[in-house]
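*Asks:* Structure file start36.pdb, PDB, C-alpha atoms, is pasted below:
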ATOM      1  CA  MET A   1     -51.608  18.563 -10.819
ATOM      2  CA  GLU A   2     -48.364  16.816  -9.950
ATOM      3  CA  TYR A   3     -45.927  18.805  -7.810
ATOM      4  CA  VAL A   4     -42.500  19.254  -9.405
ATOM      5  CA  THR A   5     -39.442  20.137  -7.323
ATOM      6  CA  ALA A   6     -35.883  20.958  -8.270
ATOM      7  CA  VAL A   7     -34.493  19.387  -5.107
ATOM      8  CA  PRO A   8     -32.649  16.152  -6.010
ATOM      9  CA  HIS A   9     -33.837  12.927  -4.528
ATOM     10  CA  PRO A  10     -31.982  12.067  -1.297
ATOM     11  CA  ARG A  11     -31.185   8.547  -2.489
ATOM     12  CA  SER A  12     -29.358   9.793  -5.575
ATOM     13  CA  GLU A  13     -27.262  12.117  -3.379
ATOM     14  CA  ALA A  14     -26.246   9.230  -1.158
ATOM     15  CA  ALA A  15     -25.439   6.938  -4.071
ATOM     16  CA  ALA A  16     -23.032   9.368  -5.746
ATOM     17  CA  PRO A  17     -20.279   9.400  -3.080
ATOM     18  CA  SER A  18     -20.642   5.653  -2.617
ATOM     19  CA  GLY A  19     -20.019   5.026  -6.314
ATOM     20  CA  SER A  20     -17.141   7.490  -6.380
ATOM     21  CA  GLY A  21     -15.647   5.818  -3.324
ATOM     22  CA  ARG A  22     -15.773   2.363  -4.888
ATOM     23  CA  ARG A  23     -14.283   3.496  -8.180
ATOM     24  CA  SER A  24     -11.517   5.554  -6.563
ATOM     25  CA  LEU A  25     -10.709   2.704  -4.185
ATOM     26  CA  ALA A  26     -10.335   0.209  -7.027
ATOM     27  CA  VAL A  27      -8.166   2.593  -9.077
ATOM     28  CA  ALA A  28      -5.988   3.511  -6.087
ATOM     29  CA  LEU A  29      -5.377  -0.122  -5.166
ATOM     30  CA  LEU A  30      -4.539  -1.025  -8.756
ATOM     31  CA  PHE A  31      -2.268   1.966  -9.357
ATOM     32  CA  GLY A  32      -0.541   1.708  -5.981
ATOM     33  CA  ALA A  33       0.244  -2.006  -6.210
ATOM     34  CA  LEU A  34       1.206  -1.822  -9.890
ATOM     35  CA  GLY A  35       3.375   1.257  -9.368
ATOM     36  CA  ALA A  36       5.269  -0.337  -6.483
ATOM     37  CA  ALA A  37       5.868  -3.510  -8.486
ATOM     38  CA  VAL A  38       7.114  -1.522 -11.492
ATOM     39  CA  ALA A  39       9.449   0.592  -9.346
ATOM     40  CA  LEU A  40      10.909  -2.460  -7.601
ATOM     41  CA  LEU A  41      11.356  -4.347 -10.874
ATOM     42  CA  SER A  42      12.975  -1.360 -12.585
ATOM     43  CA  SER A  43      15.472  -0.934  -9.752
ATOM     44  CA  ARG A  44      16.893  -4.364 -10.559
ATOM     45  CA  GLN A  45      17.405  -3.640 -14.242
ATOM     46  CA  ARG A  46      20.361  -2.108 -16.087
ATOM     47  CA  TRP A  47      20.254   1.687 -16.001
ATOM     48  CA  ALA A  48      23.661   2.572 -17.427
ATOM     49  CA  GLU A  49      26.571   0.960 -19.230
ATOM     50  CA  GLY A  50      30.006   1.930 -20.464
ATOM     51  CA  THR A  51      33.646   0.842 -20.606
ATOM     52  CA  ALA A  52      36.711   1.344 -18.435
ATOM     53  CA  THR A  53      40.263   1.429 -19.790
ATOM     54  CA  VAL A  54      42.472  -1.091 -18.007
ATOM     55  CA  ALA A  55      45.865  -2.624 -18.789
ATOM     56  CA  GLY A  56      44.300  -5.340 -20.913
ATOM     57  CA  GLY A  57      42.117  -2.929 -22.899
ATOM     58  CA  ALA A  58      38.499  -1.797 -22.617
ATOM     59  CA  PHE A  59      36.502  -3.429 -19.832
ATOM     60  CA  PRO A  60      32.668  -3.330 -20.092
ATOM     61  CA  LEU A  61      30.776  -2.017 -17.086
ATOM     62  CA  THR A  62      27.080  -1.961 -16.212
ATOM     63  CA  ALA A  63      25.120  -0.375 -13.375
ATOM     64  CA  ARG A  64      21.718  -1.480 -12.168
ATOM     65  CA  GLY A  65      19.149   0.869 -10.739
ATOM     66  CA  SER A  66      20.027  -0.167  -7.195
ATOM     67  CA  ASP A  67      23.677   0.767  -7.938
ATOM     68  CA  VAL A  68      22.670   4.235  -9.089
ATOM     69  CA  THR A  69      20.163   5.011  -6.307
ATOM     70  CA  GLY A  70      18.342   2.989  -3.691
ATOM     71  CA  VAL A  71      15.589   5.574  -3.268
ATOM     72  CA  PRO A  72      13.000   4.154  -5.723
ATOM     73  CA  ALA A  73      13.073   0.662  -4.217
ATOM     74  CA  ALA A  74      12.926   1.974  -0.644
ATOM     75  CA  LEU A  75      10.059   4.355  -1.381
ATOM     76  CA  ALA A  76       8.179   1.630  -3.272
ATOM     77  CA  ILE A  77       8.161  -0.442  -0.082
ATOM     78  CA  VAL A  78       7.077   2.608   1.929
ATOM     79  CA  GLY A  79       4.299   3.214  -0.591
ATOM     80  CA  LEU A  80       3.041  -0.354  -0.301
ATOM     81  CA  ALA A  81       3.002  -0.088   3.488
ATOM     82  CA  ALA A  82       1.136   3.226   3.295
ATOM     83  CA  LEU A  83      -1.381   1.761   0.831
ATOM     84  CA  VAL A  84      -2.241  -0.975   3.336
ATOM     85  CA  ALA A  85      -2.167   1.394   6.327
ATOM     86  CA  VAL A  86      -4.780   3.647   4.708
ATOM     87  CA  PHE A  87      -7.432   1.069   5.631
ATOM     88  CA  ALA A  88      -6.196   0.685   9.217
ATOM     89  CA  VAL A  89      -6.640   4.340  10.227
ATOM     90  CA  ARG A  90      -9.395   6.931  10.099
ATOM     91  CA  ARG A  91      -9.878  10.681   9.795
ATOM     92  CA  ALA A  92      -6.616  12.603  10.427
ATOM     93  CA  GLY A  93      -4.552   9.415  10.452
ATOM     94  CA  ARG A  94      -5.889   8.408   7.057
ATOM     95  CA  PHE A  95      -5.105  11.865   5.686
ATOM     96  CA  LEU A  96      -1.500  11.670   6.927
ATOM     97  CA  VAL A  97      -0.965   8.159   5.546
ATOM     98  CA  SER A  98      -2.460   9.216   2.220
ATOM     99  CA  GLY A  99      -0.024  12.124   2.121
ATOM    100  CA  LEU A 100       2.859   9.721   2.801
ATOM    101  CA  LEU A 101       1.656   7.544  -0.082
ATOM    102  CA  ALA A 102       1.620  10.521  -2.450
ATOM    103  CA  LEU A 103       5.046  11.724  -1.271
ATOM    104  CA  SER A 104       6.492   8.240  -1.808
ATOM    105  CA  GLY A 105       5.364   8.304  -5.422
ATOM    106  CA  ALA A 106       6.713  11.810  -5.961
ATOM    107  CA  GLY A 107      10.061  10.826  -4.428
ATOM    108  CA  ILE A 108      10.375   7.858  -6.772
ATOM    109  CA  VAL A 109       9.725  10.086  -9.788
ATOM    110  CA  VAL A 110      12.365  12.631  -8.731
ATOM    111  CA  ALA A 111      14.985  10.015  -7.837
ATOM    112  CA  ALA A 112      14.460   8.003 -11.027
ATOM    113  CA  LEU A 113      14.673  11.038 -13.303
ATOM    114  CA  ALA A 114      17.810  12.199 -11.491
ATOM    115  CA  GLY A 115      19.396   8.781 -11.973
ATOM    116  CA  ALA A 116      18.550   8.680 -15.678
ATOM    117  CA  SER A 117      21.662  10.729 -16.470
ATOM    118  CA  ASP A 118      23.840   9.838 -13.471
ATOM    119  CA  GLY A 119      27.177   8.215 -14.259
ATOM    120  CA  SER A 120      28.738   8.275 -10.784
ATOM    121  CA  ALA A 121      28.000   4.593 -10.152
ATOM    122  CA  LEU A 122      29.893   3.585 -13.303
ATOM    123  CA  ASP A 123      32.737   5.973 -12.450
ATOM    124  CA  GLU A 124      33.161   4.182  -9.145
ATOM    125  CA  LYS A 125      33.216   0.831 -10.910
ATOM    126  CA  ALA A 126      35.739   2.157 -13.427
ATOM    127  CA  ALA A 127      37.988   3.302 -10.565
ATOM    128  CA  GLU A 128      37.784  -0.137  -8.974
ATOM    129  CA  ALA A 129      38.492  -1.942 -12.247
ATOM    130  CA  SER A 130      41.458   0.217 -13.219
ATOM    131  CA  GLY A 131      42.859   0.835  -9.754
ATOM    132  CA  ASP A 132      42.887   4.570 -10.443
ATOM    133  CA  THR A 133      40.632   6.637  -8.180
ATOM    134  CA  SER A 134      40.459   9.385 -10.805
ATOM    135  CA  ALA A 135      39.378   7.050 -13.613
ATOM    136  CA  ALA A 136      36.088   7.731 -15.376
ATOM    137  CA  VAL A 137      33.883   5.531 -17.507
ATOM    138  CA  ASP A 138      34.088   5.807 -21.304
ATOM    139  CA  ALA A 139      31.251   5.507 -23.836
ATOM    140  CA  LEU A 140      28.638   6.105 -21.152
ATOM    141  CA  SER A 141      25.043   5.333 -22.188
ATOM    142  CA  HIS A 142      21.733   4.970 -20.354
ATOM    143  CA  THR A 143      18.717   2.727 -20.834
ATOM    144  CA  GLY A 144      15.038   3.526 -20.518
ATOM    145  CA  TRP A 145      14.533   1.749 -17.198
ATOM    146  CA  PRO A 146      14.851   4.927 -15.084
ATOM    147  CA  TYR A 147      11.844   6.316 -16.928
ATOM    148  CA  VAL A 148       9.930   3.104 -16.292
ATOM    149  CA  ALA A 149      10.691   3.520 -12.574
ATOM    150  CA  ALA A 150       9.478   7.113 -12.794
ATOM    151  CA  ALA A 151       6.236   5.875 -14.361
ATOM    152  CA  GLY A 152       5.793   3.481 -11.442
ATOM    153  CA  GLY A 153       6.294   6.375  -9.050
ATOM    154  CA  ALA A 154       3.695   8.382 -10.946
ATOM    155  CA  LEU A 155       1.156   5.570 -10.440
ATOM    156  CA  ILE A 156       1.843   5.591  -6.696
ATOM    157  CA  LEU A 157       1.495   9.375  -6.683
ATOM    158  CA  ILE A 158      -1.916   9.115  -8.355
ATOM    159  CA  ALA A 159      -2.973   6.499  -5.781
ATOM    160  CA  GLY A 160      -1.956   8.879  -2.998
ATOM    161  CA  LEU A 161      -3.861  11.776  -4.524
ATOM    162  CA  LEU A 162      -6.960   9.600  -4.853
ATOM    163  CA  ALA A 163      -6.603   8.604  -1.204
ATOM    164  CA  LEU A 164      -6.357  12.263  -0.203
ATOM    165  CA  ARG A 165      -9.441  13.153  -2.222
ATOM    166  CA  TYR A 166     -11.718  10.154  -1.659
ATOM    167  CA  GLY A 167     -10.165   8.354   1.325
ATOM    168  CA  ARG A 168     -12.948   9.493   3.647
ATOM    169  CA  LEU A 169     -15.382   7.389   1.579
ATOM    170  CA  TRP A 170     -13.318   4.214   1.817
ATOM    171  CA  PRO A 171     -14.027   1.477   4.366
ATOM    172  CA  ALA A 172     -11.690   0.674   7.230
ATOM    173  CA  MET A 173     -10.497  -2.708   8.472
ATOM    174  CA  SER A 174     -12.566  -2.414  11.646
ATOM    175  CA  GLY A 175     -15.722  -1.254   9.865
ATOM    176  CA  ARG A 176     -17.483  -4.602  10.182
ATOM    177  CA  TYR A 177     -17.380  -4.256  13.965
ATOM    178  CA  GLU A 178     -18.993  -0.815  13.877
ATOM    179  CA  ARG A 179     -22.044  -1.428  11.699
ATOM    180  CA  GLY A 180     -25.560  -0.559  12.791
ATOM    181  CA  THR A 181     -26.161   1.389  15.996
ATOM    182  CA  GLY A 182     -23.075   0.069  17.758
ATOM    183  CA  ALA A 183     -25.042  -2.327  19.965
ATOM    184  CA  GLU A 184     -23.123  -5.302  21.290
ATOM    185  CA  ARG A 185     -23.736  -8.650  19.680
ATOM    186  CA  PRO A 186     -25.856 -10.949  21.855
ATOM    187  CA  ARG A 187     -23.865 -13.576  23.654
ATOM    188  CA  ARG A 188     -24.625 -17.216  23.229
ATOM    189  CA  ALA A 189     -26.148 -18.927  26.203
ATOM    190  CA  PRO A 190     -23.709 -21.364  27.816
ATOM    191  CA  LYS A 191     -24.332 -25.035  27.274
ATOM    192  CA  PRO A 192     -25.865 -26.878  30.222
ATOM    193  CA  VAL A 193     -23.322 -28.557  32.463
ATOM    194  CA  ASP A 194     -23.284 -32.321  32.349
ATOM    195  CA  PRO A 195     -22.293 -33.498  35.865
ATOM    196  CA  ASP A 196     -20.993 -36.740  34.385
ATOM    197  CA  ARG A 197     -18.419 -34.858  32.266
ATOM    198  CA  PRO A 198     -15.566 -33.360  34.319
ATOM    199  CA  GLU A 199     -14.517 -31.096  31.441
ATOM    200  CA  ASP A 200     -17.928 -29.373  31.522
ATOM    201  CA  ILE A 201     -17.576 -28.768  35.240
ATOM    202  CA  TRP A 202     -14.109 -27.215  34.822
ATOM    203  CA  LYS A 203     -15.335 -24.981  31.981
ATOM    204  CA  ALA A 204     -18.211 -23.758  34.143
ATOM    205  CA  LEU A 205     -15.808 -22.992  36.975
ATOM    206  CA  ASP A 206     -13.572 -21.068  34.570
ATOM    207  CA  ARG A 207     -16.585 -18.943  33.547
ATOM    208  CA  GLY A 208     -17.350 -18.235  37.214
ATOM    209  CA  GLU A 209     -20.526 -20.315  37.171
ATOM    210  CA  ASP A 210     -21.867 -22.761  39.689
ATOM    211  CA  PRO A 211     -21.726 -26.191  38.009
ATOM    212  CA  THR A 212     -24.272 -27.586  40.468
ATOM    213  CA  GLY A 213     -26.947 -25.166  39.219
ATOM    214  CA  ALA A 214     -27.825 -24.081  42.752
TER     215      ALA A 214
END
When written as structure tokens, how does the structure in this file appear?
*Replies:*
Amino acid sequence: MEYVTAVPHPRSEAAAPSGSGRRSLAVALLFGALGAAVALLSSRQRWAEGTATVAGGAFPLTARGSDVTGVPAALAIVGLAALVAVFAVRRAGRFLVSGLLALSGAGIVVAALAGASDGSALDEKAAEASGDTSAAVDALSHTGWPYVAAAGGALILIAGLLALRYGRLWPAMSGRYERGTGAERPRRAPKPVDPDRPEDIWKALDRGEDPTGA
């Protein structure tokens, strides 16, 4: 009679985290890079527009995302750097970098949503255009680009959360040098010295070898 056990096969246990690590790594890389690109692109677009009353009449004004707040663009760059640094560190360092990646995404979301209704940048432009420091912009309106920047920040946030959860399963940049039992790679035997070639003699001397073979 065949023996039946409820204990799962060891190979299936080992394959599960490996598959989860590969999937989470691919999603984190995609979301992190895409989110940073979206946040940077959105910061260059028009976030608000209005008019200022000057001597010649109404003067149209516009404000880009970088005029309203420089936080999303700065944090997008920080997020990209953290996304790359995740693979350069291990253990506690990887956890800290993953947290920085998640915080960068969260900061972009907060800053973008706060700038979605901010009119201070246009007020400053209205004061410059009219020459009156107390002037304010008229017919103020906002575009949807702040929300696009917030969506980019949300993608970076998700990438950071994935790194916090599955980062221990991801490879590191130096992993190829630490495979196997850690034994050193065998060195190649030096080429025999040709006494008729002076360059071979000098190379042997540089290696601390006796070129005469004595």
*Asks:* Hey, what comes out of the PyMOL selection byres ((chain A and resi 32) around 12) on this file? Could you write it as a ChimeraX atom specification?
*Replies:* /A:24-31,33-39,75-84,86,98,101-102,104-105,151-163
*Asks:* With all atoms listed in the file as the basis for distance, which of A:Arg23, A:Val97, A:Leu140, A:Pro72 is at the shortest distance from Asp118 in chain A?
*Replies:* A:Leu140
*Asks:* Could you tell me how far CA of Gly131 in chain A lies from CA of Thr62 in chain A, in Å and to one decimal?
*Replies:*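 Separation of CA of Gly131 in chain A and CA of Thr62 in chain A: 17.3 Å.
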*Asks:* Find the residues with any atom within 6 Å of (-5.6, 13.9, 1.6); use all atoms listed in the file and the coordinates as given in the file, and write the answer as a compact mmCIF listing (two decimals) with C-alpha atoms, in the frame of the given file.
*Replies:*
# COMPACT_ATOMS: atom_id res chain seq x y z
CA PHE A 95 -5.11 11.86 5.69
CA SER A 98 -2.46 9.22 2.22
CA GLY A 99 -0.02 12.12 2.12
CA LEU A 164 -6.36 12.26 -0.20
CA ARG A 165 -9.44 13.15 -2.22
*Asks:* Using all atoms listed in the file, which residue out of A:Leu96, A:Ala114, A:Ala139, A:Val148 lies closest to Gln45 in chain A?
*Replies:*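 Selected residue with least distance to Gln45 in chain A: A:Val148.
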*Asks:* For the file shown, report as a compact mmCIF listing (two decimals) with C-alpha atoms, in the frame of the given file the outcome of the PyMOL selection byres ((chain A and resi 112) around 7) at residue level.
*Replies:*
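Output contents, as saved in part-v3.txt:
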# COMPACT_ATOMS: atom_id res chain seq x y z
CA PRO A 72 13.00 4.15 -5.72
CA ILE A 108 10.38 7.86 -6.77
CA VAL A 109 9.72 10.09 -9.79
CA VAL A 110 12.36 12.63 -8.73
CA ALA A 111 14.98 10.02 -7.84
CA LEU A 113 14.67 11.04 -13.30
CA ALA A 114 17.81 12.20 -11.49
CA GLY A 115 19.40 8.78 -11.97
CA ALA A 116 18.55 8.68 -15.68
CA PRO A 146 14.85 4.93 -15.08
CA TYR A 147 11.84 6.32 -16.93
CA ALA A 149 10.69 3.52 -12.57
CA ALA A 150 9.48 7.11 -12.79
*Asks:* Could you name the residues that touch range 47-51 of chain A at 6 Å or less, counting all atoms listed in the file, but leaving out those on the same chain fewer than 5 positions away, as a ChimeraX atom specification?
*Replies:* /A:58-65,137-143,145
*Asks:* Got a minute to add N, CA and C atoms to range 76-106 of chain A and dump it as a PDB file, in the coordinates of the input?
*Replies:*
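In the end it all went to result_7.pdb:
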ATOM      1  N   ALA A  76       9.230   2.548  -2.799  1.00  0.00           N
ATOM      2  CA  ALA A  76       8.179   1.630  -3.272  1.00  0.00           C
ATOM      3  C   ALA A  76       7.665   0.779  -2.117  1.00  0.00           C
ATOM      4  N   ILE A  77       8.567   0.340  -1.251  1.00  0.00           N
ATOM      5  CA  ILE A  77       8.161  -0.442  -0.082  1.00  0.00           C
ATOM      6  C   ILE A  77       7.354   0.428   0.883  1.00  0.00           C
ATOM      7  N   VAL A  78       7.822   1.683   1.074  1.00  0.00           N
ATOM      8  CA  VAL A  78       7.077   2.608   1.929  1.00  0.00           C
ATOM      9  C   VAL A  78       5.678   2.851   1.360  1.00  0.00           C
ATOM     10  N   GLY A  79       5.597   2.998   0.042  1.00  0.00           N
ATOM     11  CA  GLY A  79       4.299   3.214  -0.591  1.00  0.00           C
ATOM     12  C   GLY A  79       3.359   2.034  -0.400  1.00  0.00           C
ATOM     13  N   LEU A  80       3.876   0.826  -0.519  1.00  0.00           N
ATOM     14  CA  LEU A  80       3.041  -0.354  -0.301  1.00  0.00           C
ATOM     15  C   LEU A  80       2.524  -0.394   1.136  1.00  0.00           C
ATOM     16  N   ALA A  81       3.423  -0.099   2.082  1.00  0.00           N
ATOM     17  CA  ALA A  81       3.002  -0.088   3.488  1.00  0.00           C
ATOM     18  C   ALA A  81       1.939   0.980   3.735  1.00  0.00           C
ATOM     19  N   ALA A  82       2.117   2.150   3.124  1.00  0.00           N
ATOM     20  CA  ALA A  82       1.136   3.226   3.295  1.00  0.00           C
ATOM     21  C   ALA A  82      -0.194   2.858   2.652  1.00  0.00           C
ATOM     22  N   LEU A  83      -0.143   2.164   1.515  1.00  0.00           N
ATOM     23  CA  LEU A  83      -1.381   1.761   0.831  1.00  0.00           C
ATOM     24  C   LEU A  83      -2.205   0.826   1.707  1.00  0.00           C
ATOM     25  N   VAL A  84      -1.538  -0.067   2.427  1.00  0.00           N
ATOM     26  CA  VAL A  84      -2.241  -0.975   3.336  1.00  0.00           C
ATOM     27  C   VAL A  84      -2.708  -0.230   4.584  1.00  0.00           C
ATOM     28  N   ALA A  85      -1.852   0.684   5.087  1.00  0.00           N
ATOM     29  CA  ALA A  85      -2.167   1.394   6.327  1.00  0.00           C
ATOM     30  C   ALA A  85      -3.349   2.347   6.156  1.00  0.00           C
ATOM     31  N   VAL A  86      -3.642   2.751   4.936  1.00  0.00           N
ATOM     32  CA  VAL A  86      -4.780   3.647   4.708  1.00  0.00           C
ATOM     33  C   VAL A  86      -6.070   3.043   5.262  1.00  0.00           C
ATOM     34  N   PHE A  87      -6.203   1.725   5.195  1.00  0.00           N
ATOM     35  CA  PHE A  87      -7.432   1.069   5.631  1.00  0.00           C
ATOM     36  C   PHE A  87      -7.423   0.757   7.133  1.00  0.00           C
ATOM     37  N   ALA A  88      -6.288   0.975   7.794  1.00  0.00           N
ATOM     38  CA  ALA A  88      -6.196   0.685   9.217  1.00  0.00           C
ATOM     39  C   ALA A  88      -6.415   1.916  10.082  1.00  0.00           C
ATOM     40  N   VAL A  89      -6.487   3.093   9.470  1.00  0.00           N
ATOM     41  CA  VAL A  89      -6.640   4.340  10.227  1.00  0.00           C
ATOM     42  C   VAL A  89      -7.860   5.092   9.715  1.00  0.00           C
ATOM     43  N   ARG A  90      -8.231   6.129  10.459  1.00  0.00           N
ATOM     44  CA  ARG A  90      -9.395   6.931  10.099  1.00  0.00           C
ATOM     45  C   ARG A  90      -9.069   8.409  10.268  1.00  0.00           C
ATOM     46  N   ARG A  91      -9.890   9.229   9.634  1.00  0.00           N
ATOM     47  CA  ARG A  91      -9.878  10.681   9.795  1.00  0.00           C
ATOM     48  C   ARG A  91      -8.480  11.253   9.568  1.00  0.00           C
ATOM     49  N   ALA A  92      -7.910  11.931  10.598  1.00  0.00           N
ATOM     50  CA  ALA A  92      -6.616  12.603  10.427  1.00  0.00           C
ATOM     51  C   ALA A  92      -5.511  11.605  10.110  1.00  0.00           C
ATOM     52  N   GLY A  93      -5.565  10.436  10.732  1.00  0.00           N
ATOM     53  CA  GLY A  93      -4.552   9.415  10.452  1.00  0.00           C
ATOM     54  C   GLY A  93      -4.577   8.965   9.010  1.00  0.00           C
ATOM     55  N   ARG A  94      -5.769   8.807   8.463  1.00  0.00           N
ATOM     56  CA  ARG A  94      -5.889   8.408   7.057  1.00  0.00           C
ATOM     57  C   ARG A  94      -5.358   9.503   6.137  1.00  0.00           C
ATOM     58  N   PHE A  95      -5.607  10.756   6.498  1.00  0.00           N
ATOM     59  CA  PHE A  95      -5.105  11.865   5.686  1.00  0.00           C
ATOM     60  C   PHE A  95      -3.577  11.888   5.683  1.00  0.00           C
ATOM     61  N   LEU A  96      -2.964  11.666   6.837  1.00  0.00           N
ATOM     62  CA  LEU A  96      -1.500  11.670   6.927  1.00  0.00           C
ATOM     63  C   LEU A  96      -0.893  10.506   6.154  1.00  0.00           C
ATOM     64  N   VAL A  97      -1.486   9.323   6.274  1.00  0.00           N
ATOM     65  CA  VAL A  97      -0.965   8.159   5.546  1.00  0.00           C
ATOM     66  C   VAL A  97      -1.137   8.346   4.045  1.00  0.00           C
ATOM     67  N   SER A  98      -2.252   8.943   3.643  1.00  0.00           N
ATOM     68  CA  SER A  98      -2.460   9.216   2.220  1.00  0.00           C
ATOM     69  C   SER A  98      -1.412  10.194   1.695  1.00  0.00           C
ATOM     70  N   GLY A  99      -1.083  11.196   2.518  1.00  0.00           N
ATOM     71  CA  GLY A  99      -0.024  12.124   2.121  1.00  0.00           C
ATOM     72  C   GLY A  99       1.320  11.430   1.988  1.00  0.00           C
ATOM     73  N   LEU A 100       1.614  10.488   2.903  1.00  0.00           N
ATOM     74  CA  LEU A 100       2.859   9.721   2.801  1.00  0.00           C
ATOM     75  C   LEU A 100       2.886   8.889   1.531  1.00  0.00           C
ATOM     76  N   LEU A 101       1.746   8.318   1.156  1.00  0.00           N
ATOM     77  CA  LEU A 101       1.656   7.544  -0.082  1.00  0.00           C
ATOM     78  C   LEU A 101       1.954   8.421  -1.293  1.00  0.00           C
ATOM     79  N   ALA A 102       1.376   9.615  -1.332  1.00  0.00           N
ATOM     80  CA  ALA A 102       1.620  10.521  -2.450  1.00  0.00           C
ATOM     81  C   ALA A 102       3.077  10.984  -2.484  1.00  0.00           C
ATOM     82  N   LEU A 103       3.648  11.282  -1.322  1.00  0.00           N
ATOM     83  CA  LEU A 103       5.046  11.724  -1.271  1.00  0.00           C
ATOM     84  C   LEU A 103       6.002  10.607  -1.694  1.00  0.00           C
ATOM     85  N   SER A 104       5.657   9.369  -1.379  1.00  0.00           N
ATOM     86  CA  SER A 104       6.492   8.240  -1.808  1.00  0.00           C
ATOM     87  C   SER A 104       6.544   8.163  -3.331  1.00  0.00           C
ATOM     88  N   GLY A 105       5.387   8.320  -3.964  1.00  0.00           N
ATOM     89  CA  GLY A 105       5.364   8.304  -5.422  1.00  0.00           C
ATOM     90  C   GLY A 105       6.150   9.454  -6.023  1.00  0.00           C
ATOM     91  N   ALA A 106       5.983  10.658  -5.442  1.00  0.00           N
ATOM     92  CA  ALA A 106       6.713  11.810  -5.961  1.00  0.00           C
ATOM     93  C   ALA A 106       8.221  11.635  -5.786  1.00  0.00           C
TER      94      ALA A 106
END
